[in-house]
>>> print(open('structure27.cif').read())   # mmCIF, C-alpha atoms and all ligand atoms
data_query
loop_
_atom_site.label_atom_id
_atom_site.label_comp_id
_atom_site.auth_asym_id
_atom_site.auth_seq_id
_atom_site.Cartn_x
_atom_site.Cartn_y
_atom_site.Cartn_z
CA MET A 14 27.54 -56.10 -34.89
CA LYS A 15 25.30 -58.76 -33.35
CA ASP A 16 24.78 -57.78 -29.74
CA LYS A 17 23.97 -54.08 -29.76
CA ILE A 18 22.05 -52.32 -26.99
CA ALA A 19 19.50 -49.70 -28.08
CA LEU A 20 18.09 -47.06 -25.77
CA GLU A 21 15.49 -44.88 -27.47
CA GLU A 22 12.97 -47.50 -28.47
CA HIS A 23 9.30 -46.72 -28.02
CA PHE A 24 6.02 -48.45 -27.35
CA ALA A 25 2.53 -47.08 -26.83
CA ILE A 26 -0.53 -48.19 -24.90
CA ASP A 27 -4.20 -47.66 -25.84
CA LEU A 28 -4.33 -44.51 -23.68
CA THR A 29 -1.35 -42.83 -25.42
CA ILE A 30 -1.25 -44.21 -28.97
CA ALA A 31 -3.25 -41.29 -30.41
CA ASP A 32 -0.42 -38.88 -29.57
CA SER A 33 1.75 -40.40 -32.29
CA GLN A 34 -0.72 -40.16 -35.16
CA VAL A 35 0.28 -36.62 -36.16
CA TYR A 36 3.78 -37.91 -36.83
CA ALA A 37 2.73 -40.47 -39.44
CA ARG A 38 1.67 -39.93 -43.01
CA PRO A 39 -1.92 -41.21 -43.25
CA GLU A 40 -0.97 -44.24 -45.36
CA MET A 41 1.72 -45.19 -42.82
CA TRP A 42 -0.34 -44.82 -39.64
CA THR A 43 -1.72 -48.38 -39.51
CA HIS A 44 1.82 -49.73 -39.71
CA LEU A 45 3.32 -47.32 -37.14
CA ARG A 46 0.38 -47.87 -34.80
CA SER A 47 0.77 -51.61 -34.98
CA ASN A 48 4.54 -51.41 -34.37
CA LEU A 49 4.11 -49.08 -31.37
CA LEU A 50 1.54 -51.36 -29.73
CA ASP A 51 3.54 -54.53 -30.48
CA PHE A 52 6.20 -56.00 -28.22
CA GLU A 53 6.74 -59.61 -29.18
CA ASN A 54 6.32 -59.88 -32.93
CA GLN A 55 7.70 -57.23 -35.30
CA ARG A 56 9.78 -55.65 -32.53
CA LEU A 57 11.70 -58.79 -31.62
CA ASP A 58 11.97 -59.82 -35.30
CA GLN A 59 13.59 -56.51 -36.19
CA MET A 60 15.94 -56.66 -33.21
CA ASP A 61 17.00 -60.18 -34.24
CA GLN A 62 17.42 -59.30 -37.87
CA TRP A 63 19.55 -56.20 -37.26
CA GLY A 64 21.59 -57.28 -34.26
CA THR A 65 20.03 -55.56 -31.26
CA GLU A 66 20.25 -57.87 -28.28
CA LEU A 67 18.62 -55.52 -25.76
CA SER A 68 16.20 -52.63 -26.21
CA ILE A 69 15.47 -50.34 -23.29
CA LEU A 70 11.87 -49.35 -23.98
CA SER A 71 10.02 -46.12 -23.26
CA LEU A 72 6.52 -44.76 -23.79
CA ASN A 73 5.70 -42.70 -26.89
CA SER A 74 5.70 -38.87 -26.87
CA PRO A 75 4.33 -36.70 -25.34
CA ALA A 76 1.97 -39.14 -23.58
CA VAL A 77 2.05 -38.54 -19.80
CA GLN A 78 3.71 -35.13 -20.23
CA SER A 79 0.65 -33.80 -22.09
CA ILE A 80 -2.02 -34.79 -19.53
CA PRO A 81 -2.87 -31.62 -17.53
CA ASP A 82 -5.06 -33.53 -15.06
CA VAL A 83 -2.58 -34.54 -12.37
CA GLY A 84 -4.50 -37.56 -11.12
CA ARG A 85 -4.90 -38.89 -14.62
CA ALA A 86 -1.21 -38.33 -15.44
CA ILE A 87 -0.33 -40.37 -12.34
CA ASP A 88 -2.70 -43.20 -13.36
CA VAL A 89 -1.57 -43.35 -16.99
CA ALA A 90 2.13 -43.40 -16.04
CA ARG A 91 1.56 -46.21 -13.58
CA HIS A 92 -0.49 -48.22 -16.05
CA ALA A 93 2.11 -47.81 -18.83
CA ASN A 94 4.92 -48.80 -16.47
CA ASP A 95 3.01 -51.91 -15.37
CA ILE A 96 2.48 -52.97 -18.99
CA LEU A 97 6.16 -52.46 -19.73
CA ALA A 98 7.18 -54.37 -16.60
CA GLU A 99 5.12 -57.35 -17.71
CA GLN A 100 6.88 -57.42 -21.09
CA ILE A 101 10.29 -57.14 -19.44
CA GLN A 102 9.38 -60.06 -17.24
CA ARG A 103 8.45 -62.11 -20.28
CA HIS A 104 11.70 -61.19 -22.11
CA PRO A 105 14.25 -60.21 -19.48
CA THR A 106 17.22 -60.63 -21.81
CA ARG A 107 15.66 -58.58 -24.65
CA PHE A 108 13.81 -55.69 -23.01
CA GLY A 109 14.65 -53.15 -20.33
CA GLY A 110 12.60 -50.15 -19.27
CA PHE A 111 12.66 -46.43 -18.72
CA ALA A 112 9.86 -45.23 -16.43
CA ALA A 113 7.23 -42.78 -17.65
CA LEU A 114 6.72 -40.21 -14.90
CA PRO A 115 3.89 -37.82 -13.92
CA MET A 116 6.15 -34.76 -13.60
CA GLN A 117 2.96 -32.71 -13.05
CA ASP A 118 3.35 -33.81 -9.41
CA PRO A 119 7.05 -34.01 -8.48
CA GLU A 120 6.38 -36.05 -5.32
CA ALA A 121 4.25 -38.58 -7.16
CA ALA A 122 6.92 -38.72 -9.89
CA ALA A 123 9.61 -39.50 -7.32
CA ARG A 124 7.45 -42.24 -5.77
CA GLU A 125 6.70 -43.78 -9.17
CA LEU A 126 10.38 -43.69 -10.11
CA GLU A 127 11.27 -45.42 -6.87
CA ARG A 128 8.66 -48.12 -7.55
CA CYS A 129 9.88 -48.61 -11.13
CA VAL A 130 13.53 -48.97 -10.15
CA ALA A 131 13.21 -50.86 -6.85
CA GLU A 132 10.26 -53.12 -7.70
CA LEU A 133 10.14 -53.34 -11.49
CA GLY A 134 13.88 -53.30 -12.22
CA PHE A 135 13.77 -50.34 -14.63
CA HIS A 136 16.98 -48.64 -15.81
CA GLY A 137 16.02 -45.03 -15.14
CA PHE A 138 13.33 -42.73 -16.53
CA LEU A 139 12.50 -40.93 -19.75
CA VAL A 140 10.64 -37.63 -19.86
CA ASN A 141 9.14 -36.16 -23.01
CA GLY A 142 10.17 -32.56 -22.41
CA PHE A 143 8.02 -30.15 -20.39
CA SER A 144 4.76 -31.16 -18.72
CA GLN A 145 1.37 -29.47 -19.01
CA VAL A 146 -0.11 -29.00 -15.54
CA GLY A 147 -3.66 -28.06 -14.53
CA ASP A 148 -4.60 -26.78 -17.98
CA GLU A 149 -3.35 -27.26 -21.53
CA GLN A 150 -1.51 -23.92 -21.64
CA THR A 151 0.42 -24.14 -18.36
CA VAL A 152 3.83 -25.74 -18.78
CA VAL A 153 6.65 -26.64 -16.40
CA TYR A 154 10.30 -27.24 -17.15
CA TYR A 155 12.25 -29.36 -14.72
CA ASP A 156 14.74 -26.75 -13.58
CA ALA A 157 11.89 -25.16 -11.58
CA PRO A 158 12.45 -25.12 -7.79
CA GLN A 159 9.55 -27.50 -7.07
CA PHE A 160 11.68 -30.26 -8.64
CA ASN A 161 14.61 -29.93 -6.21
CA ASP A 162 13.55 -32.88 -4.07
CA PHE A 163 12.61 -34.93 -7.12
CA TRP A 164 16.13 -34.53 -8.51
CA ALA A 165 17.73 -35.39 -5.18
CA HIS A 166 15.67 -38.54 -5.16
CA ALA A 167 16.46 -39.39 -8.79
CA ALA A 168 20.18 -38.83 -8.26
CA ALA A 169 20.20 -41.04 -5.15
CA LEU A 170 18.84 -43.97 -7.19
CA GLY A 171 21.99 -43.86 -9.34
CA LYS A 172 20.15 -44.31 -12.66
CA PRO A 173 20.35 -42.00 -15.69
CA PHE A 174 17.43 -40.15 -17.26
CA TYR A 175 16.61 -39.61 -20.91
CA MET A 176 15.49 -36.12 -21.99
CA HIS A 177 13.32 -36.99 -25.00
CA PRO A 178 11.68 -34.57 -27.48
CA ARG A 179 8.16 -33.30 -27.72
CA ASP A 180 6.84 -30.43 -29.82
CA PRO A 181 6.46 -26.99 -28.24
CA LEU A 182 2.86 -25.78 -27.83
CA ALA A 183 1.79 -23.98 -31.02
CA SER A 184 0.46 -21.10 -28.89
CA ARG A 185 3.96 -20.49 -27.52
CA GLU A 186 5.94 -20.86 -30.74
CA PRO A 187 4.36 -18.79 -33.55
CA ILE A 188 7.54 -19.25 -35.57
CA TYR A 189 6.07 -22.59 -36.71
CA ASP A 190 2.70 -21.08 -37.75
CA ASP A 191 1.69 -22.43 -41.16
CA ARG A 192 4.99 -24.30 -41.42
CA PRO A 193 4.05 -27.74 -40.07
CA TRP A 194 6.94 -29.36 -41.92
CA LEU A 195 9.37 -27.65 -39.54
CA THR A 196 7.75 -29.07 -36.39
CA GLY A 197 8.38 -32.51 -34.91
CA PRO A 198 11.57 -34.38 -35.75
CA THR A 199 12.50 -32.06 -38.63
CA TRP A 200 13.58 -29.22 -36.37
CA ALA A 201 11.24 -28.21 -33.50
CA PHE A 202 11.99 -31.35 -31.45
CA ALA A 203 15.70 -30.59 -31.41
CA VAL A 204 15.33 -26.88 -30.55
CA GLU A 205 12.85 -27.55 -27.76
CA THR A 206 14.81 -30.45 -26.28
CA ALA A 207 18.22 -28.79 -26.51
CA ALA A 208 16.86 -25.68 -24.76
CA HIS A 209 15.37 -27.79 -21.96
CA ALA A 210 18.66 -29.68 -21.56
CA LEU A 211 20.55 -26.36 -21.45
CA ARG A 212 18.14 -25.09 -18.77
CA LEU A 213 19.01 -28.10 -16.60
CA MET A 214 22.77 -27.79 -17.20
CA SER A 215 23.00 -24.01 -16.78
CA GLY A 216 20.63 -24.05 -13.78
CA GLY A 217 23.16 -26.01 -11.74
CA LEU A 218 21.41 -29.39 -11.61
CA PHE A 219 24.72 -31.19 -12.10
CA ASP A 220 26.51 -29.05 -9.51
CA ARG A 221 24.00 -30.26 -6.95
CA HIS A 222 24.14 -33.85 -8.26
CA PRO A 223 27.54 -34.38 -9.90
CA ALA A 224 27.00 -38.09 -10.47
CA LEU A 225 23.62 -37.65 -12.21
CA GLN A 226 23.65 -38.54 -15.92
CA MET A 227 21.33 -37.23 -18.67
CA ILE A 228 20.94 -38.99 -22.02
CA LEU A 229 20.17 -36.97 -25.15
CA GLY A 230 19.10 -38.60 -28.41
CA HIS A 231 19.59 -37.57 -32.04
CA PHE A 232 23.29 -36.88 -31.49
CA GLY A 233 22.63 -34.50 -28.64
CA GLU A 234 19.91 -32.40 -30.33
CA GLY A 235 22.54 -30.08 -31.83
CA ILE A 236 24.31 -29.20 -28.58
CA PRO A 237 27.71 -30.81 -29.40
CA PHE A 238 27.87 -28.87 -32.66
CA ASN A 239 27.26 -25.59 -30.82
CA VAL A 240 28.90 -26.10 -27.45
CA TRP A 241 32.10 -24.24 -28.20
CA ARG A 242 30.14 -21.13 -29.17
CA ILE A 243 27.85 -21.42 -26.14
CA ASP A 244 30.81 -21.35 -23.74
CA HIS A 245 32.72 -18.81 -25.82
CA ILE A 246 29.80 -16.38 -25.47
CA LEU A 247 29.14 -17.15 -21.80
CA ARG A 248 32.80 -16.54 -20.96
CA LYS A 249 32.27 -12.95 -22.08
CA GLY A 250 29.17 -12.46 -19.90
CA ARG A 251 27.18 -14.84 -17.74
CA ARG A 252 24.02 -12.71 -17.45
CA GLY A 253 23.13 -14.22 -14.08
CA MET A 254 23.71 -17.86 -15.01
CA PRO A 255 23.99 -19.72 -11.69
CA CYS A 256 25.93 -22.90 -12.60
CA GLU A 257 29.52 -23.48 -11.44
CA ARG A 258 31.06 -25.15 -14.51
CA GLU A 259 31.03 -24.56 -18.26
CA ILE A 260 28.36 -26.17 -20.41
CA GLY A 261 31.02 -28.17 -22.26
CA ASN A 262 32.13 -29.58 -18.93
CA TYR A 263 28.60 -30.83 -18.12
CA LEU A 264 28.38 -32.21 -21.65
CA ARG A 265 31.52 -34.29 -21.07
CA GLU A 266 30.82 -35.30 -17.45
CA ASN A 267 27.04 -35.56 -17.11
CA VAL A 268 25.62 -36.26 -20.58
CA TYR A 269 25.48 -39.33 -22.81
CA ILE A 270 24.51 -38.95 -26.45
CA THR A 271 22.77 -41.49 -28.67
CA THR A 272 22.62 -42.05 -32.40
CA SER A 273 18.80 -42.29 -32.45
CA GLY A 274 17.31 -41.14 -35.75
CA ASN A 275 20.54 -39.53 -36.95
CA PHE A 276 22.55 -42.06 -38.90
CA ARG A 277 25.37 -39.98 -40.32
CA THR A 278 29.12 -40.56 -40.13
CA PRO A 279 30.34 -36.92 -40.24
CA THR A 280 27.98 -36.16 -37.34
CA LEU A 281 29.28 -39.17 -35.40
CA LEU A 282 32.91 -38.19 -36.01
CA SER A 283 32.28 -34.61 -34.97
CA THR A 284 30.54 -35.77 -31.78
CA MET A 285 33.41 -38.16 -31.05
CA LEU A 286 35.84 -35.25 -31.37
CA GLU A 287 33.74 -33.14 -28.99
CA VAL A 288 32.86 -35.64 -26.22
CA GLY A 289 34.85 -38.83 -26.95
CA SER A 290 33.63 -42.32 -27.84
CA ASP A 291 32.95 -43.23 -24.19
CA ARG A 292 29.86 -40.99 -24.09
CA ILE A 293 28.11 -42.04 -27.30
CA MET A 294 25.65 -44.94 -27.45
CA TYR A 295 23.79 -46.69 -30.24
CA SER A 296 20.01 -46.25 -30.55
CA VAL A 297 17.43 -46.57 -33.31
CA ASP A 298 14.24 -44.64 -32.28
CA TYR A 299 12.11 -47.61 -33.36
CA PRO A 300 9.43 -47.64 -34.66
CA PHE A 301 9.71 -44.03 -35.80
CA GLU A 302 12.98 -45.10 -37.42
CA LYS A 303 14.05 -48.39 -38.97
CA HIS A 304 16.55 -50.84 -37.49
CA GLU A 305 17.64 -51.37 -41.08
CA ASP A 306 18.69 -47.72 -41.43
CA ALA A 307 20.34 -47.53 -38.00
CA ALA A 308 22.24 -50.82 -38.11
CA GLY A 309 22.86 -50.71 -41.87
CA TRP A 310 24.77 -47.51 -41.20
CA PHE A 311 26.30 -48.14 -37.75
CA ASP A 312 27.58 -51.68 -38.36
CA ARG A 313 29.71 -50.49 -41.29
CA CYS A 314 30.56 -46.86 -40.64
CA GLU A 315 34.27 -46.01 -40.68
CA ILE A 316 35.26 -46.02 -37.02
CA SER A 317 37.59 -48.39 -35.20
CA GLU A 318 36.17 -51.73 -34.08
CA ASN A 319 37.13 -50.66 -30.57
CA ASP A 320 34.88 -47.61 -30.82
CA ARG A 321 32.10 -49.66 -32.46
CA ARG A 322 32.05 -52.00 -29.45
CA LYS A 323 31.94 -49.10 -27.01
CA ILE A 324 29.20 -47.22 -28.83
CA GLY A 325 27.23 -50.30 -29.84
CA ARG A 326 27.23 -51.98 -26.46
CA ASP A 327 29.89 -51.46 -23.82
CA ASN A 328 29.12 -47.85 -22.85
CA ALA A 329 25.50 -48.81 -22.15
CA ARG A 330 26.58 -51.85 -20.14
CA ARG A 331 28.77 -49.63 -17.99
CA LEU A 332 26.21 -46.83 -17.60
CA PHE A 333 23.38 -49.19 -16.61
CA GLY A 334 25.53 -51.69 -14.73
CA LEU A 335 24.41 -54.57 -16.98
CA LYS A 336 25.96 -57.99 -16.64
C1 LIG B 1 10.61 -39.84 -31.45
O1 LIG B 1 10.18 -40.55 -30.54
O2 LIG B 1 11.78 -39.47 -31.45
C2 LIG B 1 9.70 -39.43 -32.55
C3 LIG B 1 8.36 -39.19 -32.29
C4 LIG B 1 7.52 -38.82 -33.33
C5 LIG B 1 8.02 -38.70 -34.59
C6 LIG B 1 9.35 -38.95 -34.86
C7 LIG B 1 10.20 -39.31 -33.85
O3 LIG B 1 7.87 -39.30 -31.03
O4 LIG B 1 11.50 -39.55 -34.08
ZN ZN B 2 12.31 -41.11 -29.73
#
>>> encode(input="structure27.cif", output="structure tokens", more="lines below")
Ligand code: GRE
Ligand code: ZN
Amino acid sequence: MKDKIALEEHFAIDLTIADSQVYARPEMWTHLRSNLLDFENQRLDQMDQWGTELSILSLNSPAVQSIPDVGRAIDVARHANDILAEQIQRHPTRFGGFAALPMQDPEAAARELERCVAELGFHGFLVNGFSQVGDEQTVVYYDAPQFNDFWAHAAALGKPFYMHPRDPLASREPIYDDRPWLTGPTWAFAVETAAHALRLMSGGLFDRHPALQMILGHFGEGIPFNVWRIDHILRKGRRGMPCEREIGNYLRENVYITTSGNFRTPTLLSTMLEVGSDRIMYSVDYPFEKHEDAAGWFDRCEISENDRRKIGRDNARRLFGLK
């Protein structure tokens, strides 16, 4: 498929590139670093070679979310968004943007989002999980009440947001002690991100903003596989859960799921059975993943050509209102 749209595609700037080094084997770091900092060379080559017409770009992880100093988080987000905007301006048919936001200060985050959408033409925002605020050990999740106005603002803009992984703080998750191979994209990313997404859904965010849409990568971080059991258990006892609908209902009405970093046909088919092919969208997770692996799989996997068009392109065009 020649004209795919990809949505979880990352870049880094000088101020955030160091955050990605732990995720590369030492002999691969130079290559990953160069691909994260590049826009116009390897990135466009790979998109051309493997049939991605448009990549909606986002900052690496955790980046802004891991800067406890609020003023600095605001400055770094703004700077990253300006760099991305310049690249989008140079290649308006090839790149789009998700805003990085200083969620440490919900009002500043709302203002930056407004600037990114209204002035820079971005397609929404991407947050790398929880934010550290004030000091390294203080974390906030975005179902906290101080985000109520932020969400009202975000919903009013009519753009989706991407809930992207970061690792939990080691101090808060001793289950990963001495088992570094289970952190990051192996497992900890999915657990952390799925739990944050479930906090937002079960907290009633989508009751208050029924048109708001959340994108989850990596085939939904495990939620589609488990959603029947989640609702089956909650039907027997809600334990104070405030939301009005079932989790499966939010999953089918307020969530889009991408293929980023999870290039597997049985997983795709299972997700199609759970949420339908209108809510699944192609993504790579470049440069942490290869276009070759994503497209080499997706372009040939055994689904109908009708579904391939929807997942590869048309669902994203509809969601983002692209021409
Ligand atoms: C990602 O952006 O999804 C990611 C990282 C680091 C390592 C692997 C990975 O940020 O997929
Ligand atoms: Zn990613």
>>> residues_near_ligand(input="structure27.cif", ligand="ligand ZN 2 (chain B)", cutoff="9 Å", atoms="all atoms listed in the file", output="ChimeraX atom specification")
/A:21-23,71,73-74,141,177-178,230-231,273-274,297-302
>>> write_last_selection(input="structure27.cif", atoms="C-alpha atoms", output="mmCIF file, keeping the file's coordinate frame")
data_model
loop_
_atom_site.group_PDB
_atom_site.id
_atom_site.type_symbol
_atom_site.label_atom_id
_atom_site.label_comp_id
_atom_site.auth_asym_id
_atom_site.auth_seq_id
_atom_site.Cartn_x
_atom_site.Cartn_y
_atom_site.Cartn_z
ATOM 1 C CA GLU A 21 15.490 -44.880 -27.470
ATOM 2 C CA GLU A 22 12.970 -47.500 -28.470
ATOM 3 C CA HIS A 23 9.300 -46.720 -28.020
ATOM 4 C CA SER A 71 10.020 -46.120 -23.260
ATOM 5 C CA ASN A 73 5.700 -42.700 -26.890
ATOM 6 C CA SER A 74 5.700 -38.870 -26.870
ATOM 7 C CA ASN A 141 9.140 -36.160 -23.010
ATOM 8 C CA HIS A 177 13.320 -36.990 -25.000
ATOM 9 C CA PRO A 178 11.680 -34.570 -27.480
ATOM 10 C CA GLY A 230 19.100 -38.600 -28.410
ATOM 11 C CA HIS A 231 19.590 -37.570 -32.040
ATOM 12 C CA SER A 273 18.800 -42.290 -32.450
ATOM 13 C CA GLY A 274 17.310 -41.140 -35.750
ATOM 14 C CA VAL A 297 17.430 -46.570 -33.310
ATOM 15 C CA ASP A 298 14.240 -44.640 -32.280
ATOM 16 C CA TYR A 299 12.110 -47.610 -33.360
ATOM 17 C CA PRO A 300 9.430 -47.640 -34.660
ATOM 18 C CA PHE A 301 9.710 -44.030 -35.800
ATOM 19 C CA GLU A 302 12.980 -45.100 -37.420
#
>>> residues_around(input="structure27.cif", residues="range 181-196 of chain A", least_positions_apart="2", cutoff="9 Å", atoms="all atoms listed in the file", output="list in words")
Gly142, Phe143, Glu149, Gln150, Arg179, Pro198, Thr199, Trp200, Ala201, Phe202 and Glu205 of chain A
>>> closest_residue(input="structure27.cif", among="A:Asp88, A:Glu234, A:Asp320, A:Asp220", to="ligand LIG 1 (chain B)", atoms="all atoms listed in the file")
A:Glu234
>>> residues_around(input="structure27.cif", residues="range 159-165 of chain A", least_positions_apart="2", cutoff="12 Å", atoms="only C-alpha atoms", output="ChimeraX atom specification")
/A:114-127,138,153-157,167-174,213,216-227
>>> axis_aligned_box(input="structure27.cif", around="range 141-151 of chain A", padding_each_side="4 Å", output="JSON")
{"center_x": 2.8, "center_y": -30.0, "center_z": -18.8, "size_x": 22.8, "size_y": 20.2, "size_z": 16.5}
>>> decode(input="structure27.cif", residues="range 94-160 of chain A", atoms="C-alpha atoms", output="PDB file, in the first residue's frame")
ATOM      1  CA  ASN A  94       6.806  22.234  19.064  1.00  0.00           C
ATOM      2  CA  ASP A  95       8.461  25.133  17.227  1.00  0.00           C
ATOM      3  CA  ILE A  96      11.084  22.805  15.733  1.00  0.00           C
ATOM      4  CA  LEU A  97       8.377  20.392  14.620  1.00  0.00           C
ATOM      5  CA  ALA A  98       6.290  23.220  13.155  1.00  0.00           C
ATOM      6  CA  GLU A  99       9.231  24.340  11.038  1.00  0.00           C
ATOM      7  CA  GLN A 100       9.641  20.829   9.602  1.00  0.00           C
ATOM      8  CA  ILE A 101       5.915  20.574   8.882  1.00  0.00           C
ATOM      9  CA  GLN A 102       6.116  23.869   7.056  1.00  0.00           C
ATOM     10  CA  ARG A 103       8.974  22.559   4.942  1.00  0.00           C
ATOM     11  CA  HIS A 104       7.111  19.296   4.144  1.00  0.00           C
ATOM     12  CA  PRO A 105       3.411  19.954   4.592  1.00  0.00           C
ATOM     13  CA  THR A 106       2.340  16.908   2.587  1.00  0.00           C
ATOM     14  CA  ARG A 107       4.685  14.504   4.444  1.00  0.00           C
ATOM     15  CA  PHE A 108       4.656  15.577   8.097  1.00  0.00           C
ATOM     16  CA  GLY A 109       1.963  16.439  10.610  1.00  0.00           C
ATOM     17  CA  GLY A 110       2.383  17.081  14.319  1.00  0.00           C
ATOM     18  CA  PHE A 111       1.203  16.114  17.756  1.00  0.00           C
ATOM     19  CA  ALA A 112       1.976  18.755  20.388  1.00  0.00           C
ATOM     20  CA  ALA A 113       4.221  17.993  23.351  1.00  0.00           C
ATOM     21  CA  LEU A 114       2.578  19.507  26.420  1.00  0.00           C
ATOM     22  CA  PRO A 115       3.813  20.654  29.866  1.00  0.00           C
ATOM     23  CA  MET A 116       1.127  18.784  31.815  1.00  0.00           C
ATOM     24  CA  GLN A 117       2.961  19.854  35.002  1.00  0.00           C
ATOM     25  CA  ASP A 118       0.929  23.073  34.607  1.00  0.00           C
ATOM     26  CA  PRO A 119      -2.530  22.284  33.197  1.00  0.00           C
ATOM     27  CA  GLU A 120      -3.240  25.922  32.278  1.00  0.00           C
ATOM     28  CA  ALA A 121       0.051  26.297  30.438  1.00  0.00           C
ATOM     29  CA  ALA A 122      -0.610  22.953  28.719  1.00  0.00           C
ATOM     30  CA  ALA A 123      -4.006  24.167  27.516  1.00  0.00           C
ATOM     31  CA  ARG A 124      -2.478  27.402  26.204  1.00  0.00           C
ATOM     32  CA  GLU A 125       0.307  25.528  24.401  1.00  0.00           C
ATOM     33  CA  LEU A 126      -2.193  23.115  22.868  1.00  0.00           C
ATOM     34  CA  GLU A 127      -4.277  26.024  21.642  1.00  0.00           C
ATOM     35  CA  ARG A 128      -1.185  27.618  20.078  1.00  0.00           C
ATOM     36  CA  CYS A 129      -0.137  24.345  18.431  1.00  0.00           C
ATOM     37  CA  VAL A 130      -3.553  23.683  16.900  1.00  0.00           C
ATOM     38  CA  ALA A 131      -4.641  27.223  16.009  1.00  0.00           C
ATOM     39  CA  GLU A 132      -1.287  28.676  14.938  1.00  0.00           C
ATOM     40  CA  LEU A 133       0.902  25.711  13.995  1.00  0.00           C
ATOM     41  CA  GLY A 134      -1.749  23.462  12.446  1.00  0.00           C
ATOM     42  CA  PHE A 135      -1.024  20.428  14.655  1.00  0.00           C
ATOM     43  CA  HIS A 136      -3.373  17.425  14.706  1.00  0.00           C
ATOM     44  CA  GLY A 137      -3.766  17.031  18.460  1.00  0.00           C
ATOM     45  CA  PHE A 138      -1.348  16.218  21.278  1.00  0.00           C
ATOM     46  CA  LEU A 139       0.658  13.279  22.550  1.00  0.00           C
ATOM     47  CA  VAL A 140       1.490  12.773  26.217  1.00  0.00           C
ATOM     48  CA  ASN A 141       4.079  10.305  27.463  1.00  0.00           C
ATOM     49  CA  GLY A 142       2.118   8.997  30.431  1.00  0.00           C
ATOM     50  CA  PHE A 143       2.231  10.678  33.847  1.00  0.00           C
ATOM     51  CA  SER A 144       4.210  13.854  34.540  1.00  0.00           C
ATOM     52  CA  GLN A 145       6.739  14.478  37.299  1.00  0.00           C
ATOM     53  CA  VAL A 146       5.959  17.781  39.008  1.00  0.00           C
ATOM     54  CA  GLY A 147       8.092  19.814  41.421  1.00  0.00           C
ATOM     55  CA  ASP A 148      10.427  16.929  42.229  1.00  0.00           C
ATOM     56  CA  GLU A 149      11.435  13.661  40.585  1.00  0.00           C
ATOM     57  CA  GLN A 150       9.254  11.511  42.858  1.00  0.00           C
ATOM     58  CA  THR A 151       5.967  13.419  42.589  1.00  0.00           C
ATOM     59  CA  VAL A 152       3.783  12.184  39.755  1.00  0.00           C
ATOM     60  CA  VAL A 153       0.411  13.236  38.351  1.00  0.00           C
ATOM     61  CA  TYR A 154      -2.017  11.240  36.254  1.00  0.00           C
ATOM     62  CA  TYR A 155      -4.434  13.166  34.101  1.00  0.00           C
ATOM     63  CA  ASP A 156      -7.658  12.022  35.723  1.00  0.00           C
ATOM     64  CA  ALA A 157      -6.777  14.310  38.663  1.00  0.00           C
ATOM     65  CA  PRO A 158      -9.278  17.149  39.261  1.00  0.00           C
ATOM     66  CA  GLN A 159      -6.778  19.897  38.392  1.00  0.00           C
ATOM     67  CA  PHE A 160      -7.042  18.715  34.761  1.00  0.00           C
TER      68      PHE A 160
END
